[in-house]
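J.: Contents are TSV, C-alpha atoms; file name final09.tsv:
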```tsv
chain	number	residue	atom	x	y	z
A	1	MET	CA	107.67	175.08	107.78
A	2	THR	CA	111.18	173.65	107.91
A	3	ALA	CA	111.62	170.22	106.34
A	4	PRO	CA	113.21	167.49	108.46
A	5	ALA	CA	116.83	166.59	108.01
A	6	PRO	CA	117.54	163.77	105.54
A	7	ARG	CA	118.18	160.23	106.73
A	8	ARG	CA	120.08	158.17	104.14
A	9	THR	CA	118.64	154.74	103.47
A	10	ARG	CA	121.87	153.37	101.96
A	11	PRO	CA	125.57	154.28	102.17
A	12	ASP	CA	125.13	156.20	98.92
A	13	ASP	CA	126.22	159.84	98.68
A	14	ARG	CA	123.76	160.70	95.91
A	15	ARG	CA	120.64	159.38	97.59
A	16	ALA	CA	118.76	161.16	100.38
A	17	THR	CA	115.47	160.17	101.96
A	18	PHE	CA	113.36	162.68	103.88
A	19	ARG	CA	110.79	161.75	106.49
A	20	ALA	CA	107.14	162.20	105.57
A	21	MET	CA	106.07	165.74	106.42
A	22	PRO	CA	103.03	166.40	108.61
A	23	PRO	CA	99.88	168.07	107.28
A	24	ARG	CA	100.12	171.81	106.78
A	25	PRO	CA	98.54	173.66	109.71
A	26	THR	CA	97.12	176.40	107.44
A	27	PRO	CA	96.37	175.16	103.89
A	28	GLU	CA	95.45	178.67	102.73
A	29	GLY	CA	97.94	180.94	100.98
A	30	PRO	CA	100.98	180.14	98.78
A	31	PHE	CA	102.22	176.55	99.10
A	32	ALA	CA	105.93	177.40	98.74
A	33	ALA	CA	107.68	180.02	100.85
A	34	THR	CA	110.73	180.76	98.65
A	35	TRP	CA	111.09	182.05	95.13
A	36	TRP	CA	112.83	178.85	94.01
A	37	GLY	CA	110.13	176.68	95.61
A	38	ASN	CA	107.47	178.63	93.70
A	39	ALA	CA	109.51	178.32	90.49
A	40	TRP	CA	109.54	174.54	90.95
A	41	LEU	CA	105.74	174.49	91.27
A	42	ALA	CA	105.26	176.81	88.30
A	43	SER	CA	107.16	174.41	86.02
A	44	MET	CA	104.41	171.81	86.55
A	45	GLU	CA	101.43	174.10	87.02
A	46	ASP	CA	102.12	175.89	83.72
A	47	THR	CA	101.86	172.63	81.72
A	48	ALA	CA	99.13	170.84	83.69
A	49	LEU	CA	96.27	169.67	81.49
A	50	ASP	CA	93.68	169.61	84.26
A	51	PRO	CA	93.70	172.29	87.00
A	52	ALA	CA	91.25	170.18	89.03
A	53	ARG	CA	93.84	167.42	89.38
A	54	LEU	CA	96.34	170.00	90.60
A	55	GLY	CA	93.85	171.12	93.23
A	56	ARG	CA	93.29	167.56	94.43
A	57	GLY	CA	97.04	166.96	94.47
A	58	ARG	CA	97.61	170.07	96.57
A	59	ALA	CA	94.89	168.88	98.96
A	60	TYR	CA	96.65	165.49	99.24
A	61	ALA	CA	99.89	167.27	100.10
A	62	ASP	CA	98.12	169.55	102.59
A	63	ARG	CA	96.72	166.51	104.41
A	64	GLY	CA	100.09	164.67	104.55
A	65	HIS	CA	99.26	161.88	102.07
A	66	VAL	CA	102.85	161.80	100.76
A	67	ASP	CA	105.16	159.28	102.47
A	68	ALA	CA	108.94	159.63	102.81
A	69	ILE	CA	110.50	161.29	99.75
A	70	THR	CA	113.67	159.83	98.18
A	71	VAL	CA	115.79	162.17	96.05
A	72	THR	CA	118.44	160.93	93.60
A	73	PRO	CA	120.01	162.58	90.53
A	74	GLY	CA	117.25	163.09	87.99
A	75	LYS	CA	114.42	161.72	90.11
A	76	VAL	CA	112.17	162.42	93.10
A	77	MET	CA	110.18	159.39	94.32
A	78	ALA	CA	107.61	158.75	97.06
A	79	TYR	CA	104.59	156.60	97.83
A	80	VAL	CA	101.38	158.65	97.80
A	81	HIS	CA	98.19	157.51	99.51
A	82	GLY	CA	95.06	157.84	97.40
A	83	SER	CA	91.56	156.41	97.62
A	84	ARG	CA	92.76	152.79	97.63
A	85	PRO	CA	94.40	151.02	100.61
A	86	ARG	CA	97.76	150.51	98.89
A	87	PRO	CA	99.75	153.68	98.13
A	88	TYR	CA	100.94	154.48	94.60
A	89	ARG	CA	104.59	154.69	93.60
A	90	THR	CA	104.99	158.20	92.19
A	91	GLU	CA	108.00	159.81	90.51
A	92	ILE	CA	108.98	163.20	89.12
A	93	ARG	CA	111.93	163.14	86.72
A	94	LEU	CA	114.19	166.04	85.74
A	95	ARG	CA	117.28	165.92	83.58
A	96	THR	CA	120.66	166.27	85.30
A	97	LEU	CA	123.13	168.99	84.35
A	98	ALA	CA	126.01	168.18	82.01
A	99	ASP	CA	129.57	168.30	83.32
A	100	ASP	CA	130.22	171.58	81.45
A	101	ASP	CA	127.19	173.16	83.12
A	102	TRP	CA	128.48	172.07	86.53
A	103	GLU	CA	131.91	173.55	85.78
A	104	ASP	CA	130.34	176.90	84.91
A	105	LEU	CA	128.16	176.84	88.03
A	106	LEU	CA	131.01	175.91	90.40
A	107	ASP	CA	133.38	178.46	88.87
A	108	SER	CA	130.76	181.18	89.29
A	109	ALA	CA	130.06	180.21	92.90
A	110	ALA	CA	133.78	180.04	93.77
A	111	ASP	CA	134.30	183.52	92.28
A	112	ARG	CA	131.53	184.94	94.47
A	113	PRO	CA	131.97	184.45	98.24
A	114	ASP	CA	128.43	185.75	98.71
A	115	HIS	CA	127.14	182.83	96.61
A	116	ILE	CA	128.90	180.32	98.89
A	117	ALA	CA	127.63	182.11	101.99
A	118	ALA	CA	124.09	182.11	100.61
A	119	LEU	CA	124.15	178.37	99.91
A	120	LEU	CA	125.49	177.63	103.40
A	121	ASP	CA	122.59	179.71	104.77
A	122	LYS	CA	120.18	177.58	102.69
A	123	ASP	CA	119.45	180.39	100.25
A	124	MET	CA	119.54	180.24	96.43
A	125	PRO	CA	120.90	183.39	94.71
A	126	HIS	CA	118.98	184.34	91.57
A	127	SER	CA	122.16	184.89	89.57
A	128	LEU	CA	123.52	181.44	90.45
A	129	ALA	CA	120.24	179.70	89.59
A	130	ASP	CA	120.02	181.53	86.25
A	131	LEU	CA	123.60	180.73	85.25
A	132	SER	CA	123.10	177.00	84.57
A	133	GLU	CA	119.30	176.89	84.41
A	134	LEU	CA	119.10	175.05	87.73
A	135	LEU	CA	115.38	175.59	88.12
A	136	PRO	CA	113.09	173.66	85.79
A	137	ALA	CA	111.23	175.52	83.07
A	138	ALA	CA	107.67	174.74	81.94
A	139	GLY	CA	107.53	171.11	80.83
A	140	ASP	CA	110.90	170.08	82.34
A	141	LEU	CA	109.29	168.05	85.16
A	142	VAL	CA	108.09	164.65	83.90
A	143	PRO	CA	105.58	162.93	86.23
A	144	ASP	CA	105.00	159.19	86.44
A	145	CYS	CA	102.69	157.19	88.73
A	146	SER	CA	101.54	153.59	89.19
A	147	CYS	CA	97.89	154.71	89.47
A	148	PRO	CA	95.46	154.11	86.56
A	149	ASP	CA	94.86	157.84	86.04
A	150	ASP	CA	96.47	159.06	82.77
A	151	GLY	CA	96.21	162.74	83.71
A	152	TYR	CA	99.23	164.97	83.18
A	153	PRO	CA	99.97	165.14	86.00
A	154	CYS	CA	97.75	162.84	88.06
A	155	LYS	CA	96.80	164.06	91.52
A	156	HIS	CA	99.43	161.81	93.15
A	157	ALA	CA	102.27	163.29	91.06
A	158	ALA	CA	100.92	166.77	91.74
A	159	ALA	CA	100.94	166.03	95.48
A	160	LEU	CA	104.57	164.89	95.27
A	161	CYS	CA	105.48	168.04	93.32
A	162	TYR	CA	103.89	170.28	95.97
A	163	GLN	CA	105.54	168.39	98.84
A	164	THR	CA	108.93	168.56	97.11
A	165	ALA	CA	108.57	172.35	97.02
A	166	ARG	CA	108.53	172.29	100.84
A	167	LEU	CA	111.84	170.39	100.80
A	168	LEU	CA	113.33	172.96	98.42
A	169	ASP	CA	112.14	175.78	100.71
A	170	ALA	CA	114.15	174.29	103.59
A	171	ASP	CA	117.25	173.29	101.63
A	172	PRO	CA	118.12	174.31	98.05
A	173	PHE	CA	120.77	171.56	97.99
A	174	VAL	CA	117.84	169.20	97.33
A	175	LEU	CA	117.48	170.85	93.91
A	176	LEU	CA	121.22	170.51	93.30
A	177	LEU	CA	120.98	166.80	94.14
A	178	VAL	CA	118.14	166.32	91.65
A	179	ARG	CA	120.33	168.06	89.07
A	180	GLY	CA	123.13	165.54	89.70
A	181	ARG	CA	125.47	166.52	92.54
A	182	ALA	CA	125.30	165.91	96.31
A	183	GLU	CA	125.83	168.67	98.87
A	184	HIS	CA	129.16	167.33	100.15
A	185	GLU	CA	130.51	167.07	96.56
A	186	ILE	CA	129.60	170.68	95.82
A	187	LEU	CA	131.03	172.04	99.07
A	188	ALA	CA	134.23	170.01	98.68
A	189	GLU	CA	134.71	171.28	95.14
A	190	LEU	CA	134.02	174.89	96.17
A	191	THR	CA	136.54	174.51	99.02
A	192	ARG	CA	139.16	173.19	96.62
A	193	ARG	CA	138.63	176.00	94.13
A	194	SER	CA	138.66	178.65	96.84
A	195	ALA	CA	141.90	177.22	98.25
A	196	THR	CA	143.48	177.29	94.79
A	197	ARG	CA	142.52	180.95	94.34
A	198	SER	CA	143.78	181.84	97.82
A	199	ALA	CA	147.12	180.13	97.18
A	200	ALA	CA	147.52	182.05	93.93
A	201	GLU	CA	146.79	185.33	95.71
A	202	ARG	CA	149.32	184.55	98.47
A	203	THR	CA	152.10	184.09	95.92
A	204	ALA	CA	151.68	187.70	94.73
A	205	ALA	CA	154.15	190.25	96.02
A	206	THR	CA	153.19	191.78	99.36
A	207	PRO	CA	154.54	195.00	100.88
A	208	ALA	CA	157.16	194.69	103.61
A	209	MET	CA	155.80	194.56	107.15
A	210	PRO	CA	156.83	197.38	109.50
A	211	THR	CA	159.23	196.31	112.27
A	212	VAL	CA	159.77	197.36	115.89
A	213	PRO	CA	163.09	197.01	117.78
A	214	ALA	CA	162.97	194.21	120.36
A	215	ALA	CA	164.17	196.56	123.16
A	216	ALA	CA	161.25	198.91	122.49
A	217	ALA	CA	158.75	196.06	122.31
A	218	LEU	CA	159.94	194.59	125.66
A	219	ALA	CA	160.39	197.86	127.55
A	220	PRO	CA	158.18	198.19	130.68
A	221	ARG	CA	155.06	200.21	130.07
A	222	PRO	CA	151.55	200.48	131.55
A	223	LEU	CA	149.11	198.05	129.98
A	224	PRO	CA	145.58	199.07	129.00
A	225	ALA	CA	142.56	197.45	130.57
A	226	LEU	CA	141.32	194.23	129.02
A	227	PRO	CA	138.47	194.69	126.53
A	228	PRO	CA	135.03	193.23	127.38
A	229	PRO	CA	134.37	189.63	126.27
A	230	LEU	CA	133.35	189.20	122.67
A	231	PRO	CA	129.74	188.16	121.97
A	232	VAL	CA	129.12	184.49	121.24
A	233	PRO	CA	129.03	183.95	117.44
A	234	ASP	CA	125.92	182.61	115.75
A	235	ARG	CA	127.71	179.46	114.57
A	236	PRO	CA	131.12	177.78	114.89
A	237	GLY	CA	133.88	179.15	112.71
A	238	ARG	CA	135.33	177.26	109.76
A	239	PRO	CA	138.88	175.89	110.18
A	240	PRO	CA	141.67	177.05	107.85
A	241	ASP	CA	143.00	174.96	104.98
A	242	TYR	CA	145.78	172.54	105.93
A	243	PRO	CA	148.10	171.84	102.98
A	244	GLN	CA	149.80	168.47	102.59
A	245	ALA	CA	153.43	168.55	103.73
A	246	ALA	CA	156.02	165.80	104.10
A	247	GLY	CA	156.24	164.59	107.68
A	248	ALA	CA	153.30	166.74	108.80
A	249	PRO	CA	150.06	165.40	110.31
A	250	ASP	CA	147.35	164.32	107.90
A	251	PRO	CA	145.53	167.53	106.78
A	252	PHE	CA	142.20	165.70	106.62
A	253	ALA	CA	142.55	164.60	110.26
A	254	LEU	CA	143.54	168.13	111.31
A	255	ASP	CA	140.52	169.59	109.53
A	256	LEU	CA	138.19	167.06	111.13
A	257	LEU	CA	139.59	167.67	114.64
A	258	ALA	CA	139.56	171.46	114.23
A	259	THR	CA	135.95	171.44	113.00
A	260	GLU	CA	134.92	169.16	115.85
A	261	ALA	CA	136.70	171.34	118.45
A	262	ALA	CA	135.05	174.50	117.06
A	263	ALA	CA	131.57	172.95	117.17
A	264	ARG	CA	132.00	171.67	120.74
A	265	ALA	CA	133.49	174.97	121.94
A	266	HIS	CA	130.58	176.89	120.42
A	267	THR	CA	128.08	174.59	122.13
A	268	LEU	CA	129.86	175.08	125.47
A	269	LEU	CA	129.71	178.85	125.04
A	270	VAL	CA	126.00	178.82	124.20
A	271	LEU	CA	124.66	176.05	126.46
A	272	GLY	CA	127.37	175.61	129.08
A	273	THR	CA	127.40	171.83	128.47
A	274	ASP	CA	129.15	169.44	126.13
A	275	PRO	CA	126.52	167.24	124.41
A	276	VAL	CA	129.02	164.48	123.61
A	277	ALA	CA	130.85	164.39	126.92
A	278	ASP	CA	128.98	161.27	128.09
A	279	LEU	CA	129.70	159.22	124.96
A	280	THR	CA	132.11	156.31	125.19
A	281	PRO	CA	135.23	156.42	122.96
A	282	TRP	CA	133.54	153.92	120.62
A	283	GLN	CA	130.29	155.92	120.41
A	284	ASP	CA	132.27	159.11	119.79
A	285	ALA	CA	134.29	157.40	117.03
A	286	VAL	CA	131.05	156.32	115.35
A	287	ARG	CA	129.63	159.84	115.68
A	288	LEU	CA	132.78	161.37	114.12
A	289	ALA	CA	132.74	158.95	111.19
A	290	ALA	CA	129.00	159.39	110.63
A	291	ALA	CA	129.30	163.19	110.64
A	292	HIS	CA	131.71	163.11	107.69
A	293	PRO	CA	129.80	162.91	104.35
A	294	GLY	CA	131.13	160.53	101.76
A	295	SER	CA	133.06	158.36	104.21
A	296	GLY	CA	134.85	155.46	102.59
A	297	LEU	CA	135.09	156.85	99.05
A	298	THR	CA	138.53	158.49	99.16
A	299	ALA	CA	141.94	157.54	100.52
A	300	SER	CA	141.58	160.15	103.26
A	301	THR	CA	138.19	158.94	104.46
A	302	ARG	CA	139.27	155.31	104.28
A	303	ALA	CA	142.19	156.28	106.49
A	304	LEU	CA	139.74	157.94	108.90
A	305	TYR	CA	137.75	154.70	109.18
A	306	ARG	CA	140.91	152.65	109.60
A	307	ASP	CA	142.36	154.88	112.33
A	308	LEU	CA	139.10	155.29	114.28
A	309	ALA	CA	138.43	151.55	114.14
A	310	ALA	CA	141.96	150.67	115.26
A	311	ALA	CA	141.87	153.19	118.12
A	312	THR	CA	138.68	151.61	119.49
A	313	ALA	CA	139.70	147.94	118.96
A	314	HIS	CA	137.19	147.39	116.13
A	315	THR	CA	137.43	146.57	112.44
A	316	ALA	CA	136.64	149.00	109.66
A	317	THR	CA	133.58	146.84	108.82
A	318	ASP	CA	132.38	147.14	112.43
A	319	LEU	CA	132.69	150.91	112.15
A	320	ALA	CA	130.93	151.06	108.76
A	321	ARG	CA	128.01	149.03	110.14
A	322	ALA	CA	127.85	151.24	113.26
A	323	VAL	CA	127.91	154.39	111.10
A	324	ALA	CA	124.93	153.07	109.13
A	325	ALA	CA	123.08	152.51	112.43
A	326	TRP	CA	124.00	156.00	113.70
A	327	ARG	CA	122.77	157.63	110.49
A	328	GLN	CA	119.59	155.58	110.83
A	329	GLY	CA	118.77	156.61	114.40
A	330	GLY	CA	121.67	158.27	116.24
A	331	LEU	CA	122.61	156.88	119.63
A	332	ALA	CA	119.31	154.97	119.80
A	333	GLY	CA	120.03	153.37	116.43
A	334	LEU	CA	123.50	152.28	117.60
A	335	ASP	CA	121.93	150.71	120.71
A	336	VAL	CA	119.52	148.75	118.49
A	337	LEU	CA	122.46	147.44	116.44
A	338	GLU	CA	124.55	146.34	119.41
A	339	HIS	CA	122.08	145.12	122.04
A	340	ALA	CA	119.25	142.61	121.99
A	341	TRP	CA	116.74	143.04	124.82
A	342	ASP	CA	113.43	141.67	126.06
A	343	PRO	CA	110.66	144.21	125.39
A	344	PRO	CA	107.61	144.28	127.65
A	345	ALA	CA	104.28	142.97	126.41
A	346	GLY	CA	102.50	145.39	124.12
A	347	PRO	CA	103.79	146.79	120.80
A	348	PHE	CA	106.10	143.84	120.16
A	349	ASP	CA	103.32	141.28	120.74
A	350	ARG	CA	100.99	143.17	118.41
A	351	ALA	CA	103.55	143.47	115.62
A	352	ARG	CA	103.21	140.00	114.07
A	353	PRO	CA	99.38	140.13	113.84
A	354	ALA	CA	99.67	143.62	112.32
A	355	LEU	CA	102.10	142.34	109.67
A	356	ALA	CA	99.85	139.38	108.89
A	357	ALA	CA	96.81	141.68	108.57
A	358	ALA	CA	98.74	143.79	106.05
A	359	ASP	CA	99.56	140.65	104.01
A	360	LEU	CA	103.27	141.07	104.71
A	361	PRO	CA	105.85	138.26	105.05
A	362	ALA	CA	105.85	136.31	108.32
A	363	LEU	CA	108.84	136.95	110.59
A	364	ARG	CA	110.04	134.77	113.49
A	365	PRO	CA	110.45	136.48	116.88
A	366	TRP	CA	113.50	136.47	119.14
A	367	ARG	CA	113.80	138.97	121.98
A	368	ASN	CA	113.26	142.41	120.34
A	369	ARG	CA	113.74	141.14	116.78
A	370	LEU	CA	111.48	139.81	114.03
A	371	THR	CA	113.52	137.98	111.39
A	372	GLY	CA	112.90	136.64	107.90
A	373	PRO	CA	115.27	135.15	105.28
A	374	THR	CA	116.65	138.53	104.17
A	375	LEU	CA	114.77	141.18	106.19
A	376	GLN	CA	114.61	141.93	109.89
A	377	LEU	CA	112.80	144.40	112.15
A	378	ARG	CA	114.23	145.43	115.52
A	379	LEU	CA	112.23	147.23	118.20
A	380	GLY	CA	114.30	149.99	119.84
A	381	ARG	CA	114.02	151.15	123.41
A	382	ASP	CA	112.66	154.40	121.96
A	383	GLY	CA	109.56	152.57	120.65
A	384	LEU	CA	110.61	152.74	116.97
A	385	TRP	CA	111.01	149.81	114.57
A	386	TYR	CA	114.37	149.71	112.78
A	387	GLY	CA	114.82	147.87	109.48
A	388	TYR	CA	117.76	145.56	108.68
A	389	GLU	CA	118.70	143.46	105.66
A	390	SER	CA	121.10	140.58	104.96
A	391	ASP	CA	121.94	138.25	102.10
A	392	ARG	CA	119.95	135.03	102.16
A	393	GLY	CA	121.61	132.33	104.24
A	394	ARG	CA	123.89	134.76	106.09
A	395	GLU	CA	123.65	136.42	109.47
A	396	ASP	CA	125.16	139.68	108.26
A	397	TRP	CA	122.52	142.27	109.15
A	398	TRP	CA	122.94	145.89	108.07
A	399	PRO	CA	120.70	148.84	109.03
A	400	ARG	CA	118.43	150.06	106.26
A	401	GLY	CA	115.50	152.45	105.99
A	402	ILE	CA	113.96	155.02	108.30
A	403	PRO	CA	112.72	154.02	111.77
A	404	ASP	CA	108.93	153.89	112.03
A	405	THR	CA	106.47	153.59	114.91
A	406	ASP	CA	104.49	151.13	112.74
A	407	PRO	CA	106.19	147.76	112.04
A	408	ALA	CA	104.16	147.38	108.84
A	409	GLY	CA	105.37	150.75	107.57
A	410	ALA	CA	108.98	149.87	108.37
A	411	LEU	CA	108.69	146.52	106.55
A	412	ILE	CA	106.94	148.07	103.53
A	413	ALA	CA	109.84	150.54	103.22
A	414	LEU	CA	112.30	147.61	103.24
A	415	LEU	CA	110.31	145.78	100.58
A	416	GLY	CA	110.28	148.93	98.38
A	417	ARG	CA	106.53	148.87	97.83
```
Could you render the structure from this file as structure tokens?

T.:
Amino acid sequence: MTAPAPRRTRPDDRRATFRAMPPRPTPEGPFAATWWGNAWLASMEDTALDPARLGRGRAYADRGHVDAITVTPGKVMAYVHGSRPRPYRTEIRLRTLADDDWEDLLDSAADRPDHIAALLDKDMPHSLADLSELLPAAGDLVPDCSCPDDGYPCKHAAALCYQTARLLDADPFVLLLVRGRAEHEILAELTRRSATRSAAERTAATPAMPTVPAAAALAPRPLPALPPPLPVPDRPGRPPDYPQAAGAPDPFALDLLATEAAARAHTLLVLGTDPVADLTPWQDAVRLAAAHPGSGLTASTRALYRDLAAATAHTATDLARAVAAWRQGGLAGLDVLEHAWDPPAGPFDRARPALAAADLPALRPWRNRLTGPTLQLRLGRDGLWYGYESDRGREDWWPRGIPDTDPAGALIALLGR
């Protein structure tokens, strides 16, 4: 089963939160589908002191008792529902790789185009994993849980370990993030190293190209029939590298525009429609900024924010806030940020009693919003509750968390319980 795409809860490149996965339709058979997912499980199973706890943890994972999983360098965290009403905060810790280990791993991957292709296809080559001991060995995973059980691991930590294996099956970059580096960092570094190698190869002597006299090339002659159209590729192509040159357009902007044009052209070829054709210039600017990982950290990405904001008559802060809303819920999330509306009677009216029944802070209603001193819930037109936060005493609300159909669940995620 493919894991859902990550939704970041903060503008933090080394933090990814994954939606809670549904129960497994067929609990029988191996839990992980890939060799690296099974290796992850073996690292905990081989040192477990009580196989019965592992079995109960696997059953918890099978039944979907693990909430959204947050992955940061060195740690995997989630709330796991047990026999008590309140879920337990559960963690699995794993040491991050040293800088020297990362240098060896990136050099090896850059030297092997098949390694880069495998990672882009969400596959983990054995030779790359073995090089820097990416996968944990027996005893490397350290569980921790707020429950009173002192088992090693407890059933809640075991459930989190099993559910994390499903994330690794879908995307091995999750393992790389636990080891210390985010996907966009790794791909950017591999791109830089590949470009350096390509530049060095281009400087080598090349044989002279054969020439043809202009008169012969332009002489009238019968032309062959046109070849049949090429098949549509499986995915958009990657743009070439654009070196920095004095007086030339910004290479980062060229790369962004070329990548965007390739993706839209591929979609037109496959579907016959342009999925972003109906977006306003402002919505499209937000989409472009949100699609670029790591926005705001480098001079190039700060320039992207500045130029997109200026072109749409907004400030860079407006754009950053809108990007956070887009990453939270796409076009629906942006609508929640920008428009207050009057919801019909029903879910909104039931939200405050539900929060009170869950012993959660009281929030005052206004249109589609429930507001407290520092936290706010907004009901979207899609029926989801979106979380917002602000400093006390200020009306400076920023999107935070993953949208939830349950207002109590959305507020609990904001409170970090």

J.: For Pro281 of chain A, find every residue with an atom within 9 Å (counting all atoms listed in the file), except residues of its own chain fewer than 4 positions away, and show them as a PyMOL selection string.

T.: chain A and resi 285-286+311-312

J.: Kindly export the residues of the current selection with C-alpha atoms, as an mmCIF file, keeping the file's coordinate frame.

T.:
```
data_model
loop_
_atom_site.group_PDB
_atom_site.id
_atom_site.type_symbol
_atom_site.label_atom_id
_atom_site.label_comp_id
_atom_site.auth_asym_id
_atom_site.auth_seq_id
_atom_site.Cartn_x
_atom_site.Cartn_y
_atom_site.Cartn_z
ATOM 1 C CA ALA A 285 134.290 157.400 117.030
ATOM 2 C CA VAL A 286 131.050 156.320 115.350
ATOM 3 C CA ALA A 311 141.870 153.190 118.120
ATOM 4 C CA THR A 312 138.680 151.610 119.490
#
```

J.: If we count only C-alpha atoms and set the cut-off at 8 Å, which residues sit around segment 343-347 of chain A, ignoring sequence neighbours fewer than 3 positions away in its own chain? Please answer as a ChimeraX atom specification.

T.: /A:350-351,367-368,379,381

J.: Output C-alpha atoms for every residue in the selection just made, as a PDB file, in the frame of the given file.

T.:
```pdb
ATOM      1  CA  ARG A 350     100.990 143.170 118.410  1.00  0.00           C
ATOM      2  CA  ALA A 351     103.550 143.470 115.620  1.00  0.00           C
ATOM      3  CA  ARG A 367     113.800 138.970 121.980  1.00  0.00           C
ATOM      4  CA  ASN A 368     113.260 142.410 120.340  1.00  0.00           C
ATOM      5  CA  LEU A 379     112.230 147.230 118.200  1.00  0.00           C
ATOM      6  CA  ARG A 381     114.020 151.150 123.410  1.00  0.00           C
TER       7      ARG A 381
END
```

J.: Which of these, A:Phe348, A:Trp366, A:Tyr388, A:Tyr162, has the shortest distance to Ala33 of chain A once you count all atoms listed in the file?

T.: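 Of A:Phe348, A:Trp366, A:Tyr388, A:Tyr162, the one nearest Ala33 of chain A is A:Tyr162, counting all atoms listed in the file.
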
J.: Record the distance separating atom CA of Leu94 of chain A and atom CA of Gly74 of chain A, expressed in Å with one decimal.

T.: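 Here the two named atoms are 4.8 Å from each other.
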
J.: Show which residues sit within 12 Å of Leu134 of chain A, as a list in words. Count only C-alpha atoms, and ignore same-chain residues fewer than 5 positions away.

T.: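 Near neighbours after the sequence-gap exclusion: Trp36, Ala39, Trp40, Leu94, Arg95, Thr96, Leu97, Ala98, Asp101, Trp102, Asp104, Leu105, Met124, Pro125, His126, Ser127, Leu128, Ala129, Asp140, Pro172, Phe173, Val174, Leu175, Leu176, Leu177, Val178, Arg179, Gly180 and Arg181 of chain A.
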
J.: Give me, please, the distance in Å between atom CA of Pro361 of chain A and atom CA of Ala410 of chain A, quoted to one decimal.

T.: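 Between atom CA of Pro361 of chain A and atom CA of Ala410 of chain A the gap works out to 12.5 Å.
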
J.: Quick one, how far is atom CA of Pro27 of chain A from atom CA of Ile412 of chain A?

T.: 29.1 Å

J.: Could you check which of A:His266, A:Arg364, A:Arg392, A:Arg86 is closest to Arg238 of chain A, using only C-alpha atoms?

T.: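 Counting only C-alpha atoms, the residue closest to Arg238 of chain A is A:His266.
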
J.: Once you count all atoms listed in the file, which residues end up no further than 10 Å from (127.6, 148.6, 107.7) in the file's frame, shown as a PyMOL selection string?

T.: chain A and resi 10-11+316-325+396-400

J.: Hey, what's within 8 Å of segment 53-65 of chain A if we count all atoms listed in the file and toss same-chain stuff fewer than 5 positions away? As a list in words, please?

T.: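 Everything that qualifies: Ala20, Met21, Pro22, Pro23, Arg24, Pro27, Glu45, Ala48, Val80, His81, Gly82, Gly151, Pro153, Cys154, Lys155, His156, Ala157, Ala158, Ala159, Leu160, Tyr162 and Gln163 of chain A.
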
J.: Those residues you just picked out, can you put them in a file as a compact mmCIF listing (two decimals), in the frame of the given file with C-alpha atoms?

T.:
```txt
# COMPACT_ATOMS: atom_id res chain seq x y z
CA ALA A 20 107.14 162.20 105.57
CA MET A 21 106.07 165.74 106.42
CA PRO A 22 103.03 166.40 108.61
CA PRO A 23 99.88 168.07 107.28
CA ARG A 24 100.12 171.81 106.78
CA PRO A 27 96.37 175.16 103.89
CA GLU A 45 101.43 174.10 87.02
CA ALA A 48 99.13 170.84 83.69
CA VAL A 80 101.38 158.65 97.80
CA HIS A 81 98.19 157.51 99.51
CA GLY A 82 95.06 157.84 97.40
CA GLY A 151 96.21 162.74 83.71
CA PRO A 153 99.97 165.14 86.00
CA CYS A 154 97.75 162.84 88.06
CA LYS A 155 96.80 164.06 91.52
CA HIS A 156 99.43 161.81 93.15
CA ALA A 157 102.27 163.29 91.06
CA ALA A 158 100.92 166.77 91.74
CA ALA A 159 100.94 166.03 95.48
CA LEU A 160 104.57 164.89 95.27
CA TYR A 162 103.89 170.28 95.97
CA GLN A 163 105.54 168.39 98.84
```
